[in-house]
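**Q** To be precise about what I am sending: the file is called my_file-v2.txt and holds compact mmCIF, C-alpha atoms.
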# COMPACT_ATOMS: atom_id res chain seq x y z
CA MET A 1 -22.38 96.52 -68.82
CA GLY A 2 -20.89 93.78 -71.00
CA ARG A 3 -19.20 90.67 -69.74
CA TRP A 4 -15.89 91.85 -71.17
CA GLU A 5 -14.23 93.74 -68.37
CA PRO A 6 -10.64 94.55 -69.25
CA ASN A 7 -8.33 94.64 -66.22
CA ALA A 8 -11.13 94.33 -63.70
CA PRO A 9 -8.74 93.53 -60.78
CA GLY A 10 -6.67 96.63 -61.52
CA ARG A 11 -9.71 98.89 -61.76
CA LEU A 12 -11.22 97.39 -58.62
CA THR A 13 -7.98 97.97 -56.74
CA VAL A 14 -7.76 101.61 -57.79
CA ALA A 15 -11.45 102.17 -56.98
CA ALA A 16 -11.14 100.48 -53.58
CA LEU A 17 -8.07 102.43 -52.53
CA ASP A 18 -9.59 105.74 -53.61
CA LEU A 19 -12.74 105.00 -51.63
CA TYR A 20 -10.80 103.84 -48.55
CA VAL A 21 -8.87 107.11 -48.59
CA GLU A 22 -11.92 109.29 -49.33
CA ARG A 23 -14.52 107.72 -47.05
CA GLY A 24 -12.57 105.47 -44.73
CA TYR A 25 -12.02 101.74 -44.97
CA GLU A 26 -14.76 100.74 -42.54
CA GLN A 27 -17.36 102.90 -44.27
CA THR A 28 -16.68 101.56 -47.78
CA THR A 29 -18.79 98.66 -49.11
CA VAL A 30 -17.98 96.17 -51.84
CA ALA A 31 -21.04 97.45 -53.75
CA GLU A 32 -19.50 100.94 -53.80
CA ILE A 33 -16.13 99.63 -54.94
CA ALA A 34 -17.72 97.66 -57.79
CA ALA A 35 -19.84 100.64 -58.84
CA ARG A 36 -16.82 102.97 -58.86
CA ALA A 37 -14.87 100.45 -60.96
CA GLY A 38 -17.84 100.04 -63.33
CA VAL A 39 -18.21 96.29 -62.71
CA THR A 40 -20.68 94.09 -60.85
CA GLU A 41 -20.25 92.92 -57.26
CA ARG A 42 -20.01 89.43 -58.66
CA THR A 43 -16.95 90.48 -60.61
CA PHE A 44 -15.42 91.84 -57.41
CA PHE A 45 -15.88 88.49 -55.72
CA ARG A 46 -14.37 86.67 -58.69
CA HIS A 47 -11.11 88.46 -57.91
CA PHE A 48 -11.13 89.15 -54.16
CA THR A 49 -12.50 87.33 -51.12
CA ASP A 50 -13.42 90.56 -49.34
CA LYS A 51 -12.50 94.22 -49.20
CA ARG A 52 -9.49 93.52 -46.99
CA GLU A 53 -7.92 91.25 -49.60
CA VAL A 54 -7.62 94.19 -51.99
CA LEU A 55 -4.98 95.54 -49.59
CA PHE A 56 -3.13 92.28 -48.96
CA ASP A 57 -3.23 90.62 -52.34
CA GLY A 58 -0.26 90.00 -54.58
CA SER A 59 2.65 89.57 -52.23
CA SER A 60 3.89 86.33 -53.79
CA GLY A 61 5.65 88.28 -56.57
CA LEU A 62 7.23 90.49 -53.95
CA ILE A 63 8.46 87.53 -51.92
CA GLU A 64 10.10 86.11 -55.05
CA LEU A 65 11.86 89.44 -55.63
CA LEU A 66 13.08 89.52 -52.02
CA VAL A 67 14.40 85.96 -52.16
CA ASP A 68 16.11 86.49 -55.54
CA GLY A 69 17.41 89.88 -54.38
CA THR A 70 18.99 88.32 -51.29
CA ALA A 71 20.60 85.62 -53.42
CA SER A 72 21.94 88.25 -55.86
CA ALA A 73 23.96 90.15 -53.24
CA PRO A 74 27.77 89.97 -53.61
CA THR A 75 29.28 86.88 -52.00
CA ASP A 76 31.19 88.95 -49.46
CA ALA A 77 28.14 90.99 -48.41
CA SER A 78 27.26 90.79 -44.72
CA PRO A 79 23.82 89.38 -43.85
CA LEU A 80 22.43 92.88 -43.30
CA GLU A 81 23.96 94.12 -46.56
CA ALA A 82 22.31 91.24 -48.41
CA VAL A 83 18.96 92.19 -46.87
CA GLN A 84 19.49 95.77 -47.95
CA VAL A 85 20.20 94.64 -51.53
CA ALA A 86 16.96 92.64 -51.51
CA LEU A 87 14.92 95.57 -50.22
CA GLU A 88 16.45 97.97 -52.74
CA VAL A 89 15.53 95.54 -55.53
CA ALA A 90 11.98 95.40 -54.15
CA ALA A 91 11.85 99.20 -53.84
CA GLU A 92 12.80 99.74 -57.46
CA ARG A 93 11.00 96.86 -59.14
CA PHE A 94 7.94 96.58 -56.95
CA PHE A 95 7.03 99.49 -54.68
CA GLU A 96 8.10 102.38 -56.93
CA GLN A 97 6.29 100.74 -59.84
CA ARG A 98 3.04 101.17 -57.94
CA ALA A 99 3.85 104.25 -55.90
CA ASP A 100 0.34 105.70 -55.92
CA PHE A 101 -1.18 102.43 -54.73
CA ALA A 102 1.54 101.87 -52.13
CA ARG A 103 1.16 105.36 -50.65
CA LYS A 104 -2.62 105.27 -50.48
CA ARG A 105 -2.46 101.79 -49.02
CA GLN A 106 -0.06 103.00 -46.33
CA ARG A 107 -2.44 105.81 -45.37
CA VAL A 108 -5.33 103.37 -45.09
CA LEU A 109 -3.28 101.00 -42.91
CA ALA A 110 -2.10 103.85 -40.68
CA ALA A 111 -5.72 104.85 -40.03
CA ASN A 112 -6.94 101.31 -39.24
CA PRO A 113 -5.19 99.49 -36.38
CA PRO A 114 -6.39 95.97 -37.30
CA LEU A 115 -5.05 96.45 -40.83
CA ALA A 116 -1.78 97.81 -39.46
CA GLU A 117 -1.55 94.74 -37.20
CA ARG A 118 -2.13 92.48 -40.19
CA GLU A 119 0.62 94.33 -42.07
CA LEU A 120 3.13 93.71 -39.27
CA MET A 121 2.38 90.01 -39.58
CA LYS A 122 2.84 90.20 -43.35
CA LEU A 123 6.28 91.71 -42.77
CA THR A 124 7.21 88.73 -40.61
CA THR A 125 6.42 86.44 -43.56
CA PHE A 126 8.73 88.58 -45.73
CA ALA A 127 11.37 88.31 -43.00
CA ALA A 128 10.98 84.53 -42.96
CA ALA A 129 11.46 84.36 -46.75
CA ILE A 130 14.56 86.56 -46.64
CA SER A 131 15.87 84.61 -43.67
CA GLY A 132 15.59 81.40 -45.71
CA ALA A 133 17.50 83.01 -48.58
CA LEU A 134 20.23 84.10 -46.15
CA ARG A 135 20.53 80.57 -44.79
CA ASP A 136 20.99 79.41 -48.38
CA ARG A 137 23.97 81.79 -48.49
CA GLY A 138 25.43 79.98 -45.48
CA VAL A 139 24.33 82.45 -42.79
CA PRO A 140 23.57 80.69 -39.47
CA ALA A 141 19.85 80.54 -38.67
CA ALA A 142 19.82 82.96 -35.71
CA ALA A 143 21.86 85.60 -37.53
CA ALA A 144 19.71 85.16 -40.64
CA GLN A 145 16.51 85.76 -38.70
CA MET A 146 17.90 88.80 -36.90
CA ALA A 147 19.24 90.42 -40.07
CA ALA A 148 15.97 89.81 -41.91
CA GLU A 149 13.82 91.17 -39.07
CA ALA A 150 16.08 94.18 -38.61
CA GLY A 151 15.70 94.84 -42.34
CA MET A 152 11.93 94.91 -41.90
CA VAL A 153 12.35 97.61 -39.27
CA ALA A 154 14.33 99.69 -41.79
CA LEU A 155 11.68 99.00 -44.45
CA ARG A 156 8.87 100.11 -42.15
CA VAL A 157 10.63 103.34 -41.25
CA ALA A 158 11.56 104.14 -44.86
CA PHE A 159 8.11 103.21 -46.11
CA SER A 160 6.24 105.41 -43.71
CA ARG A 161 8.46 108.37 -44.58
CA TRP A 162 7.90 107.66 -48.27
CA ALA A 163 4.15 107.41 -47.79
CA GLU A 164 4.13 110.85 -46.21
CA GLY A 165 5.08 111.91 -49.73
CA GLU A 166 8.02 114.28 -49.42
CA GLU A 167 10.41 112.06 -51.38
CA GLU A 168 9.74 110.77 -54.88
CA HIS A 169 11.86 107.64 -54.51
CA LEU A 170 11.83 105.00 -51.82
CA THR A 171 15.40 103.81 -52.35
CA PRO A 172 17.20 106.83 -50.82
CA LEU A 173 14.92 106.64 -47.78
CA LEU A 174 15.71 102.96 -47.47
CA ARG A 175 19.46 103.69 -47.59
CA GLU A 176 18.99 106.35 -44.93
CA ALA A 177 17.04 103.94 -42.72
CA PHE A 178 19.77 101.29 -43.06
CA ALA A 179 22.39 103.91 -42.19
CA ASP A 180 20.35 104.87 -39.10
CA LEU A 181 20.02 101.21 -38.21
CA ARG A 182 23.78 100.68 -38.43
CA ALA A 183 24.44 103.82 -36.41
CA ALA A 184 21.98 102.73 -33.73
CA LEU A 185 23.54 99.29 -33.49
CA ALA A 186 27.18 100.33 -33.57
CA PRO A 187 28.89 99.65 -30.25
CA MET B 1 -21.44 82.59 -4.20
CA GLY B 2 -20.83 85.60 -1.97
CA ARG B 3 -20.00 89.08 -3.16
CA TRP B 4 -16.56 88.86 -1.62
CA GLU B 5 -14.35 87.52 -4.37
CA PRO B 6 -10.71 87.79 -3.38
CA ASN B 7 -8.37 88.38 -6.32
CA ALA B 8 -11.08 87.86 -8.93
CA PRO B 9 -8.95 89.33 -11.77
CA GLY B 10 -6.08 86.97 -10.95
CA ARG B 11 -8.33 83.92 -10.77
CA LEU B 12 -10.11 84.93 -13.97
CA THR B 13 -6.78 85.33 -15.74
CA VAL B 14 -5.55 81.89 -14.66
CA ALA B 15 -8.88 80.30 -15.59
CA ALA B 16 -8.97 82.02 -18.99
CA LEU B 17 -5.42 81.05 -19.91
CA ASP B 18 -5.96 77.44 -18.87
CA LEU B 19 -9.12 77.22 -20.97
CA TYR B 20 -7.50 78.90 -23.97
CA VAL B 21 -4.69 76.35 -23.85
CA GLU B 22 -7.00 73.36 -23.22
CA ARG B 23 -9.87 74.12 -25.58
CA GLY B 24 -8.60 76.85 -27.85
CA TYR B 25 -9.15 80.59 -27.61
CA GLU B 26 -11.98 80.75 -30.13
CA GLN B 27 -13.88 77.92 -28.47
CA THR B 28 -13.75 79.38 -24.97
CA THR B 29 -16.66 81.54 -23.72
CA VAL B 30 -16.70 84.15 -20.99
CA ALA B 31 -19.30 82.03 -19.19
CA GLU B 32 -16.83 79.14 -19.06
CA ILE B 33 -14.03 81.37 -17.81
CA ALA B 34 -16.22 82.79 -15.04
CA ALA B 35 -17.41 79.30 -14.03
CA ARG B 36 -13.85 77.96 -13.88
CA ALA B 37 -12.80 80.93 -11.73
CA GLY B 38 -15.82 80.46 -9.49
CA VAL B 39 -17.25 83.92 -10.13
CA THR B 40 -20.18 85.32 -12.10
CA GLU B 41 -20.00 86.57 -15.67
CA ARG B 42 -20.83 89.98 -14.29
CA THR B 43 -17.65 89.86 -12.22
CA PHE B 44 -15.68 89.02 -15.37
CA PHE B 45 -17.05 92.10 -17.08
CA ARG B 46 -16.24 94.25 -14.06
CA HIS B 47 -12.57 93.50 -14.74
CA PHE B 48 -12.26 92.84 -18.46
CA THR B 49 -14.01 94.20 -21.56
CA ASP B 50 -13.89 90.86 -23.36
CA LYS B 51 -11.96 87.62 -23.45
CA ARG B 52 -9.19 89.17 -25.56
CA GLU B 53 -8.43 91.78 -22.91
CA VAL B 54 -7.37 89.04 -20.50
CA LEU B 55 -4.38 88.54 -22.79
CA PHE B 56 -3.53 92.20 -23.38
CA ASP B 57 -4.22 93.73 -20.00
CA GLY B 58 -1.66 95.20 -17.67
CA SER B 59 1.09 96.46 -19.92
CA SER B 60 1.28 99.90 -18.32
CA GLY B 61 3.43 98.55 -15.47
CA LEU B 62 5.68 96.89 -18.03
CA ILE B 63 6.06 100.10 -20.03
CA GLU B 64 7.09 101.91 -16.87
CA LEU B 65 9.74 99.24 -16.20
CA LEU B 66 11.04 99.55 -19.77
CA VAL B 67 11.26 103.34 -19.60
CA ASP B 68 12.94 103.31 -16.16
CA GLY B 69 15.20 100.46 -17.28
CA THR B 70 16.37 102.42 -20.31
CA ALA B 71 17.06 105.46 -18.14
CA SER B 72 19.02 103.34 -15.64
CA ALA B 73 21.59 102.13 -18.20
CA PRO B 74 25.17 103.41 -17.70
CA THR B 75 25.74 106.85 -19.27
CA ASP B 76 28.25 105.44 -21.75
CA ALA B 77 25.98 102.59 -22.90
CA SER B 78 25.19 102.54 -26.63
CA PRO B 79 21.51 102.89 -27.60
CA LEU B 80 21.24 99.13 -28.16
CA GLU B 81 22.97 98.38 -24.85
CA ALA B 82 20.47 100.64 -23.07
CA VAL B 83 17.61 98.75 -24.72
CA GLN B 84 19.13 95.48 -23.61
CA VAL B 85 19.37 96.74 -20.01
CA ALA B 86 15.68 97.72 -20.15
CA LEU B 87 14.64 94.32 -21.48
CA GLU B 88 16.73 92.46 -18.90
CA VAL B 89 15.04 94.49 -16.17
CA ALA B 90 11.64 93.59 -17.66
CA ALA B 91 12.64 89.93 -17.97
CA GLU B 92 13.59 89.67 -14.30
CA ARG B 93 10.99 91.89 -12.69
CA PHE B 94 8.04 91.26 -14.98
CA PHE B 95 8.10 88.22 -17.28
CA GLU B 96 9.90 85.77 -14.97
CA GLN B 97 7.58 86.79 -12.13
CA ARG B 98 4.65 85.44 -14.15
CA ALA B 99 6.39 82.74 -16.15
CA ASP B 100 3.46 80.34 -16.22
CA PHE B 101 1.09 83.03 -17.48
CA ALA B 102 3.61 84.36 -20.01
CA ARG B 103 4.33 80.92 -21.46
CA LYS B 104 0.69 79.92 -21.77
CA ARG B 105 -0.13 83.28 -23.24
CA GLN B 106 2.61 82.85 -25.85
CA ARG B 107 1.18 79.47 -26.86
CA VAL B 108 -2.29 80.97 -27.25
CA LEU B 109 -0.94 83.82 -29.38
CA ALA B 110 1.09 81.46 -31.56
CA ALA B 111 -2.05 79.46 -32.33
CA ASN B 112 -4.23 82.50 -33.17
CA PRO B 113 -2.99 84.76 -35.99
CA PRO B 114 -5.19 87.78 -35.13
CA LEU B 115 -3.88 87.69 -31.54
CA ALA B 116 -0.31 87.35 -32.80
CA GLU B 117 -0.91 90.37 -35.05
CA ARG B 118 -2.22 92.34 -32.10
CA GLU B 119 0.87 91.36 -30.12
CA LEU B 120 3.19 92.71 -32.82
CA MET B 121 1.37 96.02 -32.56
CA LYS B 122 1.74 95.95 -28.79
CA LEU B 123 5.50 95.51 -29.23
CA THR B 124 5.59 98.65 -31.37
CA THR B 125 4.06 100.59 -28.45
CA PHE B 126 6.81 99.20 -26.20
CA ALA B 127 9.35 100.26 -28.84
CA ALA B 128 7.87 103.76 -28.91
CA ALA B 129 8.15 104.05 -25.12
CA ILE B 130 11.77 102.84 -25.11
CA SER B 131 12.56 105.12 -28.04
CA GLY B 132 11.28 108.09 -26.03
CA ALA B 133 13.46 107.08 -23.08
CA LEU B 134 16.47 106.86 -25.42
CA ARG B 135 15.79 110.33 -26.79
CA ASP B 136 15.77 111.56 -23.19
CA ARG B 137 19.31 110.15 -22.98
CA GLY B 138 20.27 112.33 -25.95
CA VAL B 139 20.03 109.64 -28.66
CA PRO B 140 18.90 111.13 -32.00
CA ALA B 141 15.32 110.21 -32.93
CA ALA B 142 16.11 107.90 -35.88
CA ALA B 143 18.76 105.94 -33.98
CA ALA B 144 16.48 105.73 -30.95
CA GLN B 145 13.66 104.23 -33.00
CA MET B 146 15.94 101.73 -34.73
CA ALA B 147 17.58 100.56 -31.50
CA ALA B 148 14.22 100.17 -29.77
CA GLU B 149 12.66 98.27 -32.68
CA ALA B 150 15.71 96.04 -33.05
CA GLY B 151 15.41 95.30 -29.34
CA MET B 152 11.85 94.12 -29.91
CA VAL B 153 13.13 91.66 -32.50
CA ALA B 154 15.54 90.25 -29.91
CA LEU B 155 12.73 90.12 -27.35
CA ARG B 156 10.44 88.23 -29.74
CA VAL B 157 13.10 85.67 -30.55
CA ALA B 158 14.10 85.16 -26.91
CA PHE B 159 10.51 85.03 -25.79
CA SER B 160 9.42 82.40 -28.24
CA ARG B 161 12.40 80.22 -27.26
CA TRP B 162 11.53 80.71 -23.61
CA ALA B 163 7.88 79.84 -24.22
CA GLU B 164 8.93 76.55 -25.76
CA GLY B 165 10.02 75.81 -22.22
CA GLU B 166 13.52 74.38 -22.40
CA GLU B 167 15.09 77.20 -20.38
CA GLU B 168 13.96 78.24 -16.94
CA HIS B 169 15.10 81.84 -17.23
CA LEU B 170 14.38 84.38 -19.94
CA THR B 171 17.43 86.57 -19.30
CA PRO B 172 20.09 84.21 -20.74
CA LEU B 173 17.95 83.75 -23.86
CA LEU B 174 17.64 87.50 -24.16
CA ARG B 175 21.43 87.89 -23.91
CA GLU B 176 21.86 85.24 -26.58
CA ALA B 177 19.35 86.99 -28.85
CA PHE B 178 21.18 90.31 -28.44
CA ALA B 179 24.47 88.58 -29.21
CA ASP B 180 22.92 87.09 -32.37
CA LEU B 181 21.54 90.49 -33.29
CA ARG B 182 24.97 92.10 -32.93
CA ALA B 183 26.61 89.30 -34.93
CA ALA B 184 24.02 89.62 -37.68
CA LEU B 185 24.48 93.35 -37.91
CA ALA B 186 28.26 93.46 -37.71
CA PRO B 187 29.81 94.62 -40.98
Please rewrite the model in this file as structure tokens.
**A**
Amino acid sequence: MGRWEPNAPGRLTVAALDLYVERGYEQTTVAEIAARAGVTERTFFRHFTDKREVLFDGSSGLIELLVDGTASAPTDASPLEAVQVALEVAAERFFEQRADFARKRQRVLAANPPLAERELMKLTTFAAAISGALRDRGVPAAAAQMAAEAGMVALRVAFSRWAEGEEEHLTPLLREAFADLRAALAP
Amino acid sequence: MGRWEPNAPGRLTVAALDLYVERGYEQTTVAEIAARAGVTERTFFRHFTDKREVLFDGSSGLIELLVDGTASAPTDASPLEAVQVALEVAAERFFEQRADFARKRQRVLAANPPLAERELMKLTTFAAAISGALRDRGVPAAAAQMAAEAGMVALRVAFSRWAEGEEEHLTPLLREAFADLRAALAP
């Protein structure tokens, strides 16, 4: 194999996810991922620290989308509406652009409690970023945190329905989850 | 040391928490916990699988309180109001009864990301239990899940303020968090 390995991170990611789904996350080794991607183990470690990082890499772009999305909501949007705008932006420009990866990833997380626990923590970092963007819109800190965290609940619900694969698009499921959230919280 | 060890689990729990706070969770060994509690390591392992279980033991009683608390809410309470009733019951009859433990535990979790991740997962099991109790009240499944999960957000916020130690009681902080939640989610 030559040293020129076009899109090694992309191929490694696809190979890893396929193996995690086929054989289970715990049972898959880095050697197997590299072999499936047609690269060396050394190449794997040039791009990822370990096999878990393949699943949790690349959220900085997503955080930027969420922050910009929150800022882009109409001035008169409520805090929760602004969060919904941000998540719909992320659904269209991020998650739906990598639907196959996102769905497989969700299945792997659902089958591995420590990974699912890690994911919940990742969502709290998204919530913190959105909360900051809400404060920049003048929302008081407590309300900003609550709206952002509540949005993560809607995202989790929509995402797990989407990962089950009945619906092609995430956005309608997200709207449904926000509607359920509002209905649940109405006095 | 004799074989009669009154309240070994309680003494082990106090010893473990004190050591986790003093020396750090990672740095503390089971041998040290047992020594501080004045029991053998073997006694530790009769009551706990490992040092992490000291922090995550005993939630079945809490789940029962949450389920009963949800059921005890007035018939005309909204789903979120029923969740708030359940959490206020848990605050008074569970958390405030072991305030010292709960506060130390919170500090240990805050300093150890994998424990904090585990805790988030534990909250989702509480949410699932409350959600079931809401469905028994006739709340549709989606609304039940959303109200229960939103309640966990309020609990997390109130709890971390309480653990910082300014307020003696958890209940007023919980009421404040629910008020913030409602304000954030109002249209």
**Q** For range 121-129 of chain B, what centre and edge lengths in Å (one decimal) does the axis-aligned box get once 8 Å is added on each side of all its listed atoms, as lines of an AutoDock Vina configuration file?
**A**
center_x = 5.4
center_y = 99.8
center_z = -28.8
size_x = 24.0
size_y = 24.5
size_z = 23.4
**Q** Distance CA of Glu96 in chain A-CA of Glu149 in chain B, one decimal place?
**A**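 CA of Glu149 in chain B lies 25.0 Å from CA of Glu96 in chain A.
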**Q** I'd like the interatomic distance between CA of Arg98 in chain B and CA of Thr40 in chain B, to a tenth of an Å.
**A**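 These two atoms are separated by 24.9 Å.
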**Q** Name the closest residue to chain B among the candidates A:Asp100, A:Val108, A:Ala82, A:Ala133; distances are taken between atoms, counting only C-alpha atoms.
**A** A:Ala82
**Q** If we count only C-alpha atoms, what is near Thr70 in chain A at a cut-off of 8 Å, once residues fewer than 2 positions away on the same chain are taken out, given as number ranges by chain?
**A** A: 66-68, 72-73, 82-83, 85-86, 130, 133-134
**Q** Ranking A:Glu41, A:Ala34, A:Phe101, A:Arg52 by minimum distance to Ala116 in chain A and counting only C-alpha atoms, which one comes first?
**A**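 Answer, going by the shortest atom-to-atom distance: A:Arg52.
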**Q** Compile a residue-level contact table for chain A against chain B at a cut-off of 7 Å, reporting for every qualifying residue the shortest atom pair and its distance in Å to one decimal, with only C-alpha atoms counted, rows ordered by chain and ascending number, as CSV.
**A**
residue,atom,partner,partner_atom,distance
A:Ser78,CA,B:Pro187,CA,5.9
A:Pro79,CA,B:Ala184,CA,6.2
A:Leu80,CA,B:Leu185,CA,5.8
A:Glu117,CA,B:Glu117,CA,4.9
A:Arg118,CA,B:Glu117,CA,5.7
A:Leu120,CA,B:Leu120,CA,6.5
A:Met121,CA,B:Glu117,CA,5.6
A:Ala142,CA,B:Asp180,CA,6.2
A:Ala143,CA,B:Ala184,CA,4.6
A:Ala144,CA,B:Ala184,CA,6.9
A:Met146,CA,B:Leu181,CA,5.4
A:Ala147,CA,B:Ala184,CA,5.4
A:Glu149,CA,B:Val153,CA,6.6
A:Ala150,CA,B:Ala150,CA,5.9
A:Val153,CA,B:Glu149,CA,6.6
A:Asp180,CA,B:Ala143,CA,5.5
A:Leu181,CA,B:Met146,CA,5.4
A:Ala183,CA,B:Ala143,CA,6.5
A:Ala184,CA,B:Ala143,CA,4.6
A:Leu185,CA,B:Leu80,CA,5.8
A:Pro187,CA,B:Ser78,CA,5.9
**Q** Find the residue from A:Ala8, A:Ala127, A:Leu55, A:Leu62 that sits nearest to Gly38 in chain A; use only C-alpha atoms when measuring.
**A**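 Looking at the shortest contact to Gly38 in chain A, the residue is A:Ala8.
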